[in-house]
Each structure stands twice: as C-alpha cells, then as structure tokens.
Amino acid sequence: ALGAAAAAATPAGVLSPTRLTATLSLAIVCCCICMSIPIVHAYPLSVEAGLAPAAAASVLSALMSFSIVGRIGIGRVADSVGGIRSLLLASGTQTVMIFWFSQMNTLPGMLLIAIGFGIGYGGVVPSYAIILRELLPPQRIGQAMGIVFFFGNVGMSLGGFLGGLLYDLSGGYPLAFAVGALAGVVNLTIVGSLLVTARARQAAAVLPA
C-alpha cells in the first residue's frame with residue numbers, strides 16, 4: 001500500500017487523464033531512448049574501449065543483473081516519496097550514468113557505471129505504472145498504461161537505432177551516448193514539470209473558496 005507521504009505527494013484527480021497520458025507518453029519516449037542505447041551498445045562500446053570480449057560481456061551482464069535491484073527497490077522508494085519523485089530519481093540516475101559510459105576505458109570503471117545505470121534503468125518503467133495508479137481513476141488506468149508503454153517501446157526502438165546510426169556517422173560512441181544523455185535531460189524536464197503542475201493544482205484545490 002502507498003504510504004501517507006506518497007499519497008499526499010501525488011493526489012488523484014489533480015491532472016486530467018488525457019493530459020497525464022500524453023505527458024507520460026512523451027516522457028517515456030525520451031527516457032527509453034536514454035535507456036536503450038547502453039542496453040544495445042554497451043558490449044560493442046566496451047570492446048571498442050579495449051576490453052576483451054569476455055570482460056565486455058560482463059559489463060552488459062552487470063547492467064542487466066543490477067536492474068533487478070532497481071525494479072524491486074523503486075517500489076519502496078515510491079511508497080515514501082510518490083511515483084513522480086521515484087521516476088525522477090531513477091531517470092536521473094540513468095541519465096548521469098549514460099554520460100560516463102563513453103568516458104570509461106577500464107573494466108572496473110565500466111562495471112561501476114553499468115551497475116549504477118542498471119539500478120537506475122530498472123526503476124524507470126515501474127515508476128510509470130505507479131504514477132498512473134496514483135493519479136488516474138481506476139477505470140482509466142488500463143487504457144493509459146497501454147498507451148504509455150506503447151510509446152516506451154517506440155523509445156526503446158529509437159534508442160537502439162540512433163545509437164548505431166550515430167556511431168556510423170561519427171565513427172565512435174561519444175556522440176551516441178551524449179544524445180542519449182540529452183534525451184534523459186529532456187525526460188527529467190518533462191517529469192519535473194509534471195511534479196510542479198501536480199503540486200500547484202493540489203495547493204489550489206485546498207485553498208478556501
């Protein structure tokens with residue numbers, strides 16, 4: 001069950017279902033672009049950085065394994081601070097980590113970044129479901145979740161494609177991972193504006209007439 005703090009932070013009814021669905025759909029496209037570039041390209045990036053194939057595979061393995069920590073842990077975080085703030089935390093973590101991915105060329109450094117990125121990205125997708133549960137009436141959750149996660153798949157496809165395209169155009173991965181970081185910043189801006197709007201409407205709703 002949601003804690004009192006989470007319920008107070010993201011009260012149901014402060015945003016229209018249509019606007020919330022559209023906002024989260026745009027946000028998830030951006031964060032999934034940021035997410036999928038390392039998932040698809042972490043192995044070739046590691047090989048290009050000079051790691052042996054087995055070591056490069058361990059980087060991807062660490063990334064995927066520690067995403068489980070994020071998926072499980074984000075529920076506890078959301079119980080305390082609400083879904084929007086938990087999404088900001090998870091997305092912010094993956095955005096910071098994707099930038100550093102292309103700056104590392106040692107196995108310990110790559111593993112450290114992969115672990116941090118995995119924890120962040122693992123918490124992203126569950127946070128969207130939590131936000132929809134907190135802010136939408138029950139009869140609108142199923143439809144909204146289908147729409148939002150459809151656009152998440154669009155973002156995942158775009159990220160993997162853009163990573164390869166930008167590598168081919170630039171001859172390296174720094175540009176591709178920088179674009180991924182930029183997509184993460186856009187996502188954080190959208191989600192941050194959603195939090196500001198929700199809090200403003202909540203405050204307006206409790207003011208005396």
# chains A, B, ... in the order shown; residues from 1 in each chain; ligands from 1
>>> residues_around(residues="Val40 in chain A", least_positions_apart="5", cutoff="9 Å", atoms="only C-alpha atoms", output="list in words")
Gly159, Gly160, Gly163 and Gly164 of chain A
>>> write_last_selection(atoms="C-alpha atoms", output="compact mmCIF listing (two decimals), in the first residue's frame")
# COMPACT_ATOMS: atom_id res chain seq x y z
CA GLY A 159 17.41 4.47 -28.97
CA GLY A 160 18.94 1.30 -30.33
CA GLY A 163 22.97 4.55 -31.23
CA GLY A 164 24.05 2.60 -34.31
>>> closest_residue(among="A:Ile28, A:Met104, A:Ala49, A:Ile119", to="Phe149 in chain A", atoms="only C-alpha atoms")
A:Ile28
>>> closest_residue(among="A:Ser193, A:Ser46, A:Ser127, A:Asn187", to="Thr95 in chain A", atoms="only C-alpha atoms")
A:Asn187
>>> closest_residue(among="A:Gly155, A:Gly83, A:Gly116, A:Pro138", to="Val191 in chain A", atoms="only C-alpha atoms")
A:Gly83
>>> atom_distance(atom1="CA of Phe99 in chain A", atom2="CA of Gly70 in chain A")
19.0 Å
>>> closest_residue(among="A:Gly92, A:Gly109, A:Gly171, A:Pro17", to="Ala144 in chain A", atoms="only C-alpha atoms")
A:Pro17
>>> closest_residue(among="A:Met97, A:Ile84, A:Met35, A:Leu182", to="Thr197 in chain A", atoms="only C-alpha atoms")
A:Ile84
>>> residues_around(residues="Thr93 in chain A", least_positions_apart="4", cutoff="7 Å", atoms="only C-alpha atoms", output="list in words")
Leu89, Met97, Phe117 and Gly120 of chain A
